[in-house]
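Read the structure below first, then the notes.
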Amino acid sequence: MAAAVGSGAPREEEGPGGDAAAPQPQAPTSVPGARLSRLPLARVKALVKADPDVTLAGQEAIFILARAAELFVETIAKDAYCCAQQGKRKTLQRRDLDNAIEAVDEFAFLEGTLD
């Protein structure tokens with residue numbers, strides 16, 4: 001039994017370096033006051049209602065749009081940060097966003113919007 005504990009083989013919950021793997025964050029489902037979205041849903045709803053083509057928007061749709069916007073901002077920020085790191089900088093600049101937009105095909109719809 002003692003040989004199994006000190007065998008040096010990583011356990012399933014350990015990472016490749018033998019460190020315990022970080023637990024995956026999970027959204028609390030029943031904690032009152034917990035925020036599932038980092039963007040204010042009232043502002044997202046106001047933006048949706050500003051569109052004359054939208055007559056009705058449910059709370060679930062507003063939440064999904066807010067979450068999609070968060071993921072979009074996170075993705076473009078990470079790609080822009082990679083561009084900043086290539087320039088040996090830690091601070092994002094507008095040219096980093098321009099470079100990320102040019103480099104990533106998924107951002108092609110944004111080309112020319114920052115001009």
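So you can find residues: chains in the structure tokens are A, B, ... in the order shown, residues in each start at 1, and ligands are numbered from 1 in order.
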Selection near range 37-49 of chain A, 8 Å with only C-alpha atoms, sequence-local residues under 5 positions removed, as a ChimeraX atom specification = /A:54-57,62-63,65-67,70
How about saving the chosen residues, N, CA, C and O atoms kept, as an mmCIF file, in the first residue's frame?
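Result file out_17.cif:
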data_model
loop_
_atom_site.group_PDB
_atom_site.id
_atom_site.type_symbol
_atom_site.label_atom_id
_atom_site.label_comp_id
_atom_site.auth_asym_id
_atom_site.auth_seq_id
_atom_site.Cartn_x
_atom_site.Cartn_y
_atom_site.Cartn_z
ATOM 1 N N VAL A 54 -36.699 45.025 -33.434
ATOM 2 C CA VAL A 54 -36.965 44.160 -32.284
ATOM 3 C C VAL A 54 -38.175 44.702 -31.536
ATOM 4 O O VAL A 54 -38.199 45.859 -31.107
ATOM 5 N N THR A 55 -39.182 43.845 -31.397
ATOM 6 C CA THR A 55 -40.385 44.260 -30.670
ATOM 7 C C THR A 55 -40.452 43.631 -29.285
ATOM 8 O O THR A 55 -40.986 44.230 -28.363
ATOM 9 N N LEU A 56 -39.884 42.449 -29.141
ATOM 10 C CA LEU A 56 -39.963 41.747 -27.871
ATOM 11 C C LEU A 56 -38.682 40.946 -27.670
ATOM 12 O O LEU A 56 -38.211 40.280 -28.588
ATOM 13 N N ALA A 57 -38.103 41.042 -26.478
ATOM 14 C CA ALA A 57 -36.881 40.292 -26.169
ATOM 15 C C ALA A 57 -37.005 39.736 -24.758
ATOM 16 O O ALA A 57 -37.146 40.489 -23.798
ATOM 17 N N ILE A 62 -31.730 38.038 -23.763
ATOM 18 C CA ILE A 62 -30.849 39.125 -23.317
ATOM 19 C C ILE A 62 -29.604 38.538 -22.656
ATOM 20 O O ILE A 62 -28.475 38.988 -22.914
ATOM 21 N N PHE A 63 -29.783 37.519 -21.838
ATOM 22 C CA PHE A 63 -28.642 36.881 -21.175
ATOM 23 C C PHE A 63 -27.703 36.250 -22.200
ATOM 24 O O PHE A 63 -26.479 36.398 -22.105
ATOM 25 N N LEU A 65 -27.308 37.069 -25.348
ATOM 26 C CA LEU A 65 -26.612 38.138 -26.068
ATOM 27 C C LEU A 65 -25.492 38.745 -25.216
ATOM 28 O O LEU A 65 -24.400 39.028 -25.727
ATOM 29 N N ALA A 66 -25.750 38.926 -23.931
ATOM 30 C CA ALA A 66 -24.723 39.471 -23.043
ATOM 31 C C ALA A 66 -23.541 38.515 -22.936
ATOM 32 O O ALA A 66 -22.374 38.936 -22.987
ATOM 33 N N ARG A 67 -23.831 37.250 -22.807
ATOM 34 C CA ARG A 67 -22.753 36.243 -22.703
ATOM 35 C C ARG A 67 -21.962 36.163 -24.010
ATOM 36 O O ARG A 67 -20.729 36.057 -23.986
ATOM 37 N N GLU A 70 -19.645 39.084 -24.114
ATOM 38 C CA GLU A 70 -18.503 38.849 -23.215
ATOM 39 C C GLU A 70 -17.464 37.950 -23.870
ATOM 40 O O GLU A 70 -16.266 38.237 -23.821
#
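Taking only C-alpha atoms, the non-local environment of range 101-115 of chain A within 9 Å (same-chain residues fewer than 6 positions away omitted) comprises A:Ile76, A:Asp79, A:Ala80, A:Arg94.
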Compare A:Glu60, A:Asp51, A:Leu36, A:Asp96 by their minimum atom-to-atom distance to Lys78 in chain A, counting only C-alpha atoms, and give me the closest one.
-> A:Asp96
Interatomic distance, CA of Phe72 in chain A to CA of Lys90 in chain A (Å, one decimal) =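 So the answer is 20.5 Å.
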Atom pair CA of Ala100 in chain A / CA of Ala84 in chain A: separation (Å) | 9.6 Å
Going by DSSP on the backbone, which bits of range 19-109 of chain A are alpha helix (DSSP H)? Write them as a PyMOL selection string, please.
-> chain A and resi 41-49+59-86+94-103
